[in-house]
$ cat structure_28.csv   # CSV, C-alpha atoms and all ligand atoms
chain,number,residue,atom,x,y,z
C,1,MET,CA,107.5,80.4,103.9
C,2,THR,CA,110.0,82.0,101.7
C,3,TYR,CA,112.0,85.2,102.0
C,4,ASP,CA,113.0,85.3,98.3
C,5,LEU,CA,111.9,88.9,97.7
C,6,TYR,CA,111.7,91.1,100.8
C,7,VAL,CA,110.6,94.7,100.2
C,8,VAL,CA,111.1,97.4,102.7
C,9,THR,CA,108.8,100.4,102.3
C,10,ASP,CA,110.1,104.0,102.2
C,11,GLU,CA,107.8,106.9,101.2
C,12,GLU,CA,110.7,109.3,100.7
C,13,LEU,CA,112.4,107.1,98.2
C,14,SER,CA,109.2,106.4,96.3
C,15,ASN,CA,107.6,108.5,93.6
C,16,GLY,CA,104.9,109.9,95.9
C,17,HIS,CA,103.5,106.6,97.2
C,18,SER,CA,102.3,105.9,100.7
C,19,HIS,CA,103.7,102.9,102.6
C,20,ALA,CA,100.4,101.0,102.0
C,21,GLU,CA,100.4,101.8,98.3
C,22,ILE,CA,104.0,100.5,98.0
C,23,ALA,CA,103.0,97.4,99.9
C,24,LYS,CA,100.0,96.8,97.7
C,25,LEU,CA,101.9,97.1,94.4
C,26,ALA,CA,104.9,95.0,95.7
C,27,VAL,CA,102.5,92.2,96.8
C,28,GLU,CA,100.7,92.3,93.5
C,29,GLY,CA,104.2,91.9,91.9
C,30,GLY,CA,104.9,88.9,94.1
C,31,ALA,CA,106.9,90.1,97.1
C,32,ASP,CA,107.1,87.5,99.7
C,33,VAL,CA,107.7,89.8,102.7
C,34,ILE,CA,106.8,93.4,103.3
C,35,GLN,CA,108.6,95.5,106.0
C,36,LEU,CA,107.0,98.8,107.1
C,37,ARG,CA,109.9,101.1,107.9
C,38,ASP,CA,109.5,104.8,108.8
C,39,LYS,CA,111.7,106.5,111.4
C,40,ARG,CA,109.7,109.8,111.4
C,41,MET,CA,106.0,109.0,111.4
C,42,SER,CA,103.9,109.5,114.5
C,43,ALA,CA,102.7,106.3,116.2
C,44,ALA,CA,99.2,107.1,115.1
C,45,ASP,CA,100.1,107.4,111.4
C,46,LEU,CA,102.4,104.4,111.5
C,47,PHE,CA,99.7,102.3,113.1
C,48,ALA,CA,97.2,103.4,110.4
C,49,GLU,CA,99.7,102.3,107.7
C,50,ALA,CA,100.4,99.1,109.5
C,51,GLU,CA,96.7,98.2,109.7
C,52,LYS,CA,96.3,98.8,105.9
C,53,ILE,CA,99.4,96.7,105.2
C,54,ARG,CA,98.2,93.9,107.5
C,55,ALA,CA,95.0,93.7,105.3
C,56,ILE,CA,97.0,93.9,102.1
C,57,THR,CA,99.4,91.1,103.0
C,58,LYS,CA,96.9,88.8,104.7
C,59,ASP,CA,97.4,85.2,103.3
C,60,LYS,CA,99.7,86.7,100.6
C,61,ALA,CA,103.0,87.9,102.2
C,62,LEU,CA,104.6,88.1,105.6
C,63,PHE,CA,104.2,91.5,107.3
C,64,ILE,CA,107.2,92.7,109.4
C,65,VAL,CA,107.4,96.0,111.2
C,66,ASN,CA,110.8,97.8,111.6
C,67,ASP,CA,111.9,98.8,115.2
C,68,ARG,CA,108.5,99.2,116.7
C,69,ILE,CA,107.2,96.2,118.7
C,70,ASP,CA,104.2,98.2,119.9
C,71,ILE,CA,103.0,98.9,116.3
C,72,ALA,CA,103.8,95.3,115.3
C,73,LEU,CA,101.7,93.7,118.1
C,74,ALA,CA,98.9,96.2,117.8
C,75,SER,CA,98.6,95.7,114.0
C,76,LYS,CA,98.9,91.9,114.3
C,77,ALA,CA,101.9,91.8,112.1
C,78,ASP,CA,103.8,88.6,111.6
C,79,GLY,CA,107.0,89.9,113.0
C,80,ILE,CA,109.5,92.6,113.8
C,81,HIS,CA,112.9,93.6,112.4
C,82,LEU,CA,115.5,94.7,114.9
C,83,GLY,CA,118.8,96.4,114.5
C,84,GLN,CA,121.8,96.1,116.8
C,85,SER,CA,120.7,99.2,118.7
C,86,ASP,CA,117.1,98.3,119.1
C,87,LEU,CA,115.5,96.3,121.9
C,88,PRO,CA,117.4,93.1,122.3
C,89,VAL,CA,116.0,90.0,120.7
C,90,LYS,CA,115.8,88.3,124.1
C,91,ALA,CA,113.7,91.1,125.5
C,92,VAL,CA,111.3,91.1,122.5
C,93,ARG,CA,111.0,87.3,122.8
C,94,ARG,CA,109.4,87.8,126.2
C,95,LEU,CA,106.7,90.0,124.8
C,96,VAL,CA,105.5,88.1,121.8
C,97,PRO,CA,103.7,84.9,120.9
C,98,ASP,CA,105.9,81.8,120.1
C,99,ASP,CA,105.2,82.0,116.4
C,100,PHE,CA,106.0,85.7,116.1
C,101,ILE,CA,109.0,86.3,113.7
C,102,ILE,CA,112.0,88.2,115.0
C,103,GLY,CA,114.6,89.3,112.4
C,104,ILE,CA,117.9,90.9,113.2
C,105,SER,CA,120.4,93.0,111.2
C,106,VAL,CA,123.9,91.7,111.5
C,107,GLY,CA,127.3,93.0,110.2
C,108,SER,CA,129.4,90.0,111.3
C,109,VAL,CA,129.4,86.3,112.1
C,110,GLU,CA,129.5,87.1,115.8
C,111,GLU,CA,126.4,89.2,115.6
C,112,ALA,CA,124.6,86.6,113.6
C,113,VAL,CA,125.5,83.7,115.9
C,114,LYS,CA,124.4,85.8,119.0
C,115,GLY,CA,121.2,86.8,117.3
C,116,VAL,CA,120.2,83.2,116.6
C,117,LEU,CA,121.2,82.0,120.0
C,118,ASP,CA,119.0,84.8,121.5
C,119,GLY,CA,116.1,83.6,119.4
C,120,ALA,CA,116.1,85.4,116.1
C,121,ASP,CA,114.2,83.6,113.3
C,122,TYR,CA,116.1,85.1,110.4
C,123,VAL,CA,119.2,87.3,110.0
C,124,ALA,CA,119.8,90.1,107.6
C,125,VAL,CA,123.4,90.9,106.5
C,126,SER,CA,123.5,94.7,106.5
C,127,PRO,CA,124.6,96.5,104.5
C,128,VAL,CA,125.8,94.0,101.9
C,129,PHE,CA,126.9,97.0,99.7
C,130,SER,CA,127.1,100.6,100.8
C,131,THR,CA,123.9,102.4,99.7
C,132,GLY,CA,122.6,105.9,99.3
C,133,SER,CA,119.3,104.7,100.7
C,134,LYS,CA,120.9,104.5,104.2
C,135,PRO,CA,124.2,106.5,104.1
C,136,ASP,CA,124.8,105.9,107.8
C,137,ALA,CA,124.7,102.1,107.3
C,138,GLY,CA,128.4,102.3,106.6
C,139,GLU,CA,130.8,100.2,104.5
C,140,GLY,CA,129.4,97.3,102.7
C,141,ARG,CA,130.1,93.9,104.4
C,142,GLY,CA,130.5,92.2,101.0
C,143,LEU,CA,130.0,88.8,99.6
C,144,ALA,CA,132.5,87.2,102.1
C,145,CYS,CA,130.4,88.2,105.0
C,146,ILE,CA,127.3,86.6,103.4
C,147,SER,CA,129.1,83.3,102.9
C,148,ALA,CA,130.6,83.4,106.4
C,149,VAL,CA,127.2,84.1,108.1
C,150,ARG,CA,125.5,81.4,106.0
C,151,LYS,CA,128.0,78.9,107.1
C,152,ALA,CA,127.8,80.0,110.8
C,153,VAL,CA,124.0,79.8,111.3
C,154,PRO,CA,121.8,76.7,111.2
C,155,LYS,CA,120.3,75.8,107.8
C,156,GLU,CA,116.7,76.4,108.9
C,157,ILE,CA,117.5,80.1,109.7
C,158,PRO,CA,117.0,82.2,106.5
C,159,VAL,CA,119.9,84.5,105.8
C,160,VAL,CA,118.8,87.6,103.8
C,161,GLY,CA,120.8,90.6,102.9
C,162,ILE,CA,120.1,94.3,102.5
C,163,GLY,CA,121.9,97.3,101.0
C,164,GLY,CA,122.6,98.1,97.4
C,165,ILE,CA,121.0,94.9,96.0
C,166,ASN,CA,119.4,95.2,92.6
C,167,SER,CA,118.8,93.1,89.5
C,168,GLY,CA,122.4,93.5,88.4
C,169,ASN,CA,123.9,91.8,91.5
C,170,ILE,CA,121.3,89.3,92.6
C,171,SER,CA,123.1,86.4,91.0
C,172,GLU,CA,126.3,87.1,93.0
C,173,VAL,CA,124.6,87.7,96.4
C,174,ILE,CA,122.6,84.5,96.0
C,175,ALA,CA,125.7,82.5,94.9
C,176,ALA,CA,127.4,83.8,98.0
C,177,GLY,CA,124.7,82.3,100.2
C,178,LEU,CA,121.6,84.6,100.5
C,179,ASP,CA,118.3,82.9,100.8
C,180,GLY,CA,116.5,86.1,99.9
C,181,ILE,CA,117.1,89.7,99.1
C,182,CYS,CA,115.8,92.8,100.9
C,183,VAL,CA,115.5,95.9,98.8
C,184,ILE,CA,114.2,99.4,99.0
C,185,SER,CA,115.2,101.4,95.9
C,186,ALA,CA,115.2,98.6,93.4
C,187,VAL,CA,111.5,98.3,93.9
C,188,VAL,CA,110.2,101.3,95.8
C,189,SER,CA,111.9,103.9,93.5
C,190,ALA,CA,111.0,102.1,90.3
C,191,PRO,CA,108.5,103.9,88.0
C,192,ASP,CA,106.4,100.7,88.1
C,193,ILE,CA,106.7,99.1,91.5
C,194,LYS,CA,104.6,96.0,90.6
C,195,LYS,CA,106.7,95.3,87.5
C,196,ALA,CA,110.0,95.9,89.4
C,197,ALA,CA,108.9,93.4,92.1
C,198,GLY,CA,107.7,90.9,89.6
C,199,ASP,CA,110.9,91.0,87.5
C,200,LEU,CA,113.1,90.7,90.6
C,201,ARG,CA,111.1,87.8,92.0
C,202,GLU,CA,111.2,86.0,88.7
C,203,LYS,CA,114.9,86.5,88.5
C,204,ILE,CA,115.5,85.2,92.0
C,205,ARG,CA,113.4,82.1,91.3
C,206,ASN,CA,115.3,81.4,88.0
C,207,ILE,CA,118.7,81.8,89.7
C,208,LYS,CA,117.7,79.4,92.5
C,209,ASN,CA,116.4,76.9,90.1
C,210,GLU,CA,119.6,76.9,87.9
C,301,LIG,N1,119.5,98.8,106.1
C,301,LIG,C1,120.8,98.6,105.6
C,301,LIG,S1,121.0,99.1,104.1
C,301,LIG,C2,119.4,99.7,104.0
C,301,LIG,C3,118.8,99.5,105.2
C,301,LIG,C4,117.4,99.9,105.6
C,301,LIG,C5,118.9,100.5,102.8
C,301,LIG,C6,118.7,99.6,101.7
C,301,LIG,O1,118.1,100.2,100.6
C,301,LIG,P1,118.5,99.9,99.0
C,301,LIG,O2,117.9,101.0,98.2
C,301,LIG,O3,117.9,98.6,98.7
C,301,LIG,O4,120.0,99.9,99.0
C,302,MG,MG,116.1,99.5,113.8
$ encode --input "structure_28.csv" --output "structure tokens"
Amino acid sequence: MTYDLYVVTDEELSNGHSHAEIAKLAVEGGADVIQLRDKRMSAADLFAEAEKIRAITKDKALFIVNDRIDIALASKADGIHLGQSDLPVKAVRRLVPDDFIIGISVGSVEEAVKGVLDGADYVAVSPVFSTGSKPDAGEGRGLACISAVRKAVPKEIPVVGIGGINSGNISEVIAAGLDGICVISAVVSAPDIKKAAGDLREKIRNIKNE
């Protein structure tokens, strides 16, 4: 299981694509993980998208749902992504099967260490750089935070990063210690989502093999 290219869906930042369409094209391009993220959709609509994405990703990519444990469980997703203000990792652990993946956004070493102690399976440094895709994410934590988090958590816990990552800075974020990159706009806003995902994934693989 790899987290090399982790694509977060966003209909508003796409050129008219639904979450499921974004997921389909990103998986065709080689995305390793798809996260369904929508803060506005009704539960019914979100569940309908989740079911489509579950079918698209089956045996091809991991499927993670942002925030909503109800939608994640009902759609048989592989996991959930939590922020610092969402249900605590420990609480979600009580609700899910042992192999269910829990990811947590972290902005510091302290949050990363706590997240892992509480049972998170991966951590996402957030935001790596400040980004227009989530203006309220705040100041970028930078490359130093990536390196510090990578050193602080066990090797078997993947450390990914989100916020302002694109083909121009992948090399530096991977050199700083990321195991995988999470992106919205670099893939979702591209004119050709499949090609953007394919190009990024190839670039990541090449950098890792250098
Ligand atoms: N969480 C932290 S930054 C961010 C999220 C969801 C947005 C990332 O979008 P982009 O376009 O890859 O900077
Ligand atoms: Mg959240």
$ residues_near_ligand --input "structure_28.csv" --ligand "ligand LIG 301 (chain C)" --cutoff "6 Å" --atoms "only C-alpha atoms and all ligand atoms" --output "PyMOL selection string"
chain C and resi 126-127+131+133-134+137+162-165+183-186
$ write_last_selection --input "structure_28.csv" --atoms "C-alpha atoms" --output "compact mmCIF listing (two decimals), in the frame of the given file"
# COMPACT_ATOMS: atom_id res chain seq x y z
CA SER C 126 123.50 94.70 106.50
CA PRO C 127 124.60 96.50 104.50
CA THR C 131 123.90 102.40 99.70
CA SER C 133 119.30 104.70 100.70
CA LYS C 134 120.90 104.50 104.20
CA ALA C 137 124.70 102.10 107.30
CA ILE C 162 120.10 94.30 102.50
CA GLY C 163 121.90 97.30 101.00
CA GLY C 164 122.60 98.10 97.40
CA ILE C 165 121.00 94.90 96.00
CA VAL C 183 115.50 95.90 98.80
CA ILE C 184 114.20 99.40 99.00
CA SER C 185 115.20 101.40 95.90
CA ALA C 186 115.20 98.60 93.40
$ closest_atom_pairs --input "structure_28.csv" --of "chain C" --to "ligand MG 302 (chain C)" --cutoff "12 Å" --atoms "all atoms listed in the file" --output "Markdown table"
| residue | atom | partner | partner_atom | distance |
| --- | --- | --- | --- | --- |
| C:Gln35 | CA | C:MG302 | MG | 11.5 |
| C:Leu36 | CA | C:MG302 | MG | 11.3 |
| C:Arg37 | CA | C:MG302 | MG | 8.7 |
| C:Asp38 | CA | C:MG302 | MG | 9.8 |
| C:Lys39 | CA | C:MG302 | MG | 8.6 |
| C:Val65 | CA | C:MG302 | MG | 9.7 |
| C:Asn66 | CA | C:MG302 | MG | 6.0 |
| C:Asp67 | CA | C:MG302 | MG | 4.5 |
| C:Arg68 | CA | C:MG302 | MG | 8.1 |
| C:Ile69 | CA | C:MG302 | MG | 10.7 |
| C:Ile80 | CA | C:MG302 | MG | 9.5 |
| C:His81 | CA | C:MG302 | MG | 6.9 |
| C:Leu82 | CA | C:MG302 | MG | 5.0 |
| C:Gly83 | CA | C:MG302 | MG | 4.2 |
| C:Gln84 | CA | C:MG302 | MG | 7.3 |
| C:Ser85 | CA | C:MG302 | MG | 6.7 |
| C:Asp86 | CA | C:MG302 | MG | 5.5 |
| C:Leu87 | CA | C:MG302 | MG | 8.7 |
| C:Pro88 | CA | C:MG302 | MG | 10.7 |
| C:Val89 | CA | C:MG302 | MG | 11.7 |
| C:Gly103 | CA | C:MG302 | MG | 10.4 |
| C:Ile104 | CA | C:MG302 | MG | 8.8 |
| C:Ser105 | CA | C:MG302 | MG | 8.2 |
| C:Val106 | CA | C:MG302 | MG | 11.3 |
| C:Ala124 | CA | C:MG302 | MG | 11.9 |
| C:Ser126 | CA | C:MG302 | MG | 11.4 |
| C:Lys134 | CA | C:MG302 | MG | 11.8 |
| C:Ala137 | CA | C:MG302 | MG | 11.1 |
$ residues_near_point --input "structure_28.csv" --point "(96.7, 95.7, 103.1)" --cutoff "12 Å" --atoms "all atoms listed in the file" --output "number ranges by chain"
C: 18-28, 34, 36, 48-63, 75, 77
$ atom_distance --input "structure_28.csv" --atom1 "atom CA of Glu11 of chain C" --atom2 "atom CA of Arg40 of chain C"
10.8 Å
$ atom_distance --input "structure_28.csv" --atom1 "atom CA of Ala144 of chain C" --atom2 "atom CA of Ala176 of chain C"
7.4 Å
$ axis_aligned_box --input "structure_28.csv" --around "segment 77-80 of chain C" --padding-each-side "5 Å" --output "lines of an AutoDock Vina configuration file"
center_x = 105.7
center_y = 90.6
center_z = 112.7
size_x = 17.6
size_y = 14.0
size_z = 12.2
$ residues_near_point --input "structure_28.csv" --point "(112.4, 92.3, 100.1)" --cutoff "8 Å" --atoms "all atoms listed in the file" --output "list in words"
Tyr3, Asp4, Leu5, Tyr6, Val7, Val8, Ala31, Asp32, Val33, Ile34, Gln35, Gly180, Ile181, Cys182, Val183 and Ile184 of chain C
$ closest_residue --input "structure_28.csv" --among "C:Lys155, C:Asp10, C:Gly79, C:Lys114" --to "Met41 of chain C" --atoms "all atoms listed in the file"
C:Asp10
$ closest_residue --input "structure_28.csv" --among "C:Gly115, C:Pro191, C:Gly168, C:Gly16" --to "Ile204 of chain C" --atoms "only C-alpha atoms"
C:Gly168
$ atom_distance --input "structure_28.csv" --atom1 "atom CA of Ile174 of chain C" --atom2 "atom CA of Lys194 of chain C"
22.0 Å
$ decode --input "structure_28.csv" --residues "segment 159-192 of chain C" --atoms "N, CA and C atoms" --output "short mmCIF file (atom, residue, chain, number, x, y, z; two decimals), in the first residue's frame"
data_model
loop_
_atom_site.label_atom_id
_atom_site.label_comp_id
_atom_site.auth_asym_id
_atom_site.auth_seq_id
_atom_site.Cartn_x
_atom_site.Cartn_y
_atom_site.Cartn_z
N VAL C 159 3.90 9.44 6.37
CA VAL C 159 3.73 10.88 6.56
C VAL C 159 3.48 11.50 5.19
N VAL C 160 2.29 12.06 5.03
CA VAL C 160 1.97 12.75 3.78
C VAL C 160 1.85 14.24 4.10
N GLY C 161 1.68 15.03 3.06
CA GLY C 161 1.56 16.47 3.30
C GLY C 161 0.56 17.05 2.33
N ILE C 162 -0.12 18.12 2.76
CA ILE C 162 -1.12 18.76 1.91
C ILE C 162 -1.00 20.27 2.03
N GLY C 163 -1.29 20.95 0.91
CA GLY C 163 -1.30 22.40 0.90
C GLY C 163 -0.25 22.96 -0.02
N GLY C 164 -0.68 23.41 -1.18
CA GLY C 164 0.23 24.10 -2.09
C GLY C 164 1.27 23.23 -2.77
N ILE C 165 1.04 21.92 -2.77
CA ILE C 165 2.03 21.02 -3.40
C ILE C 165 1.67 20.85 -4.88
N ASN C 166 2.70 20.94 -5.72
CA ASN C 166 2.50 20.80 -7.16
C ASN C 166 3.79 20.26 -7.78
N SER C 167 3.78 20.11 -9.11
CA SER C 167 4.94 19.45 -9.74
C SER C 167 6.23 20.24 -9.51
N GLY C 168 6.09 21.55 -9.23
CA GLY C 168 7.29 22.37 -9.04
C GLY C 168 7.97 22.22 -7.69
N ASN C 169 7.26 21.69 -6.71
CA ASN C 169 7.89 21.57 -5.38
C ASN C 169 7.88 20.16 -4.80
N ILE C 170 7.47 19.18 -5.61
CA ILE C 170 7.44 17.79 -5.11
C ILE C 170 8.81 17.34 -4.63
N SER C 171 9.84 17.69 -5.41
CA SER C 171 11.18 17.22 -5.05
C SER C 171 11.55 17.65 -3.64
N GLU C 172 11.28 18.92 -3.33
CA GLU C 172 11.71 19.41 -2.01
C GLU C 172 10.87 18.82 -0.88
N VAL C 173 9.57 18.60 -1.11
CA VAL C 173 8.76 18.05 0.01
C VAL C 173 9.09 16.57 0.24
N ILE C 174 9.45 15.87 -0.82
CA ILE C 174 9.85 14.46 -0.63
C ILE C 174 11.23 14.41 0.02
N ALA C 175 12.13 15.29 -0.44
CA ALA C 175 13.46 15.34 0.19
C ALA C 175 13.35 15.67 1.68
N ALA C 176 12.35 16.47 2.04
CA ALA C 176 12.18 16.84 3.45
C ALA C 176 11.64 15.67 4.28
N GLY C 177 11.06 14.68 3.59
CA GLY C 177 10.61 13.50 4.36
C GLY C 177 9.23 12.98 4.07
N LEU C 178 8.50 13.59 3.13
CA LEU C 178 7.15 13.07 2.85
C LEU C 178 7.21 11.72 2.14
N ASP C 179 6.31 10.82 2.55
CA ASP C 179 6.17 9.54 1.85
C ASP C 179 5.21 9.67 0.67
N GLY C 180 4.33 10.65 0.74
CA GLY C 180 3.38 10.85 -0.34
C GLY C 180 2.85 12.27 -0.31
N ILE C 181 2.29 12.69 -1.43
CA ILE C 181 1.77 14.05 -1.50
C ILE C 181 0.25 14.03 -1.70
N CYS C 182 -0.43 14.92 -0.99
CA CYS C 182 -1.88 15.10 -1.16
C CYS C 182 -2.10 16.39 -1.91
N VAL C 183 -2.92 16.33 -2.94
CA VAL C 183 -3.17 17.54 -3.72
C VAL C 183 -4.65 17.68 -4.04
N ILE C 184 -5.06 18.94 -4.14
CA ILE C 184 -6.36 19.22 -4.77
C ILE C 184 -6.06 19.83 -6.13
N SER C 185 -5.71 21.14 -6.14
CA SER C 185 -5.70 21.88 -7.40
C SER C 185 -4.73 21.32 -8.44
N ALA C 186 -3.59 20.79 -8.02
CA ALA C 186 -2.60 20.32 -8.99
C ALA C 186 -3.18 19.22 -9.89
N VAL C 187 -4.21 18.52 -9.40
CA VAL C 187 -4.86 17.50 -10.23
C VAL C 187 -6.28 17.92 -10.59
N VAL C 188 -7.05 18.32 -9.59
CA VAL C 188 -8.49 18.56 -9.78
C VAL C 188 -8.76 19.75 -10.71
N SER C 189 -7.92 20.79 -10.64
CA SER C 189 -8.15 21.98 -11.47
C SER C 189 -7.44 21.89 -12.83
N ALA C 190 -6.73 20.81 -13.07
CA ALA C 190 -6.01 20.69 -14.35
C ALA C 190 -7.00 20.46 -15.49
N PRO C 191 -6.68 20.95 -16.67
CA PRO C 191 -7.58 20.74 -17.82
C PRO C 191 -7.74 19.25 -18.14
N ASP C 192 -6.70 18.46 -17.89
CA ASP C 192 -6.76 17.02 -18.13
C ASP C 192 -6.35 16.32 -16.82
#
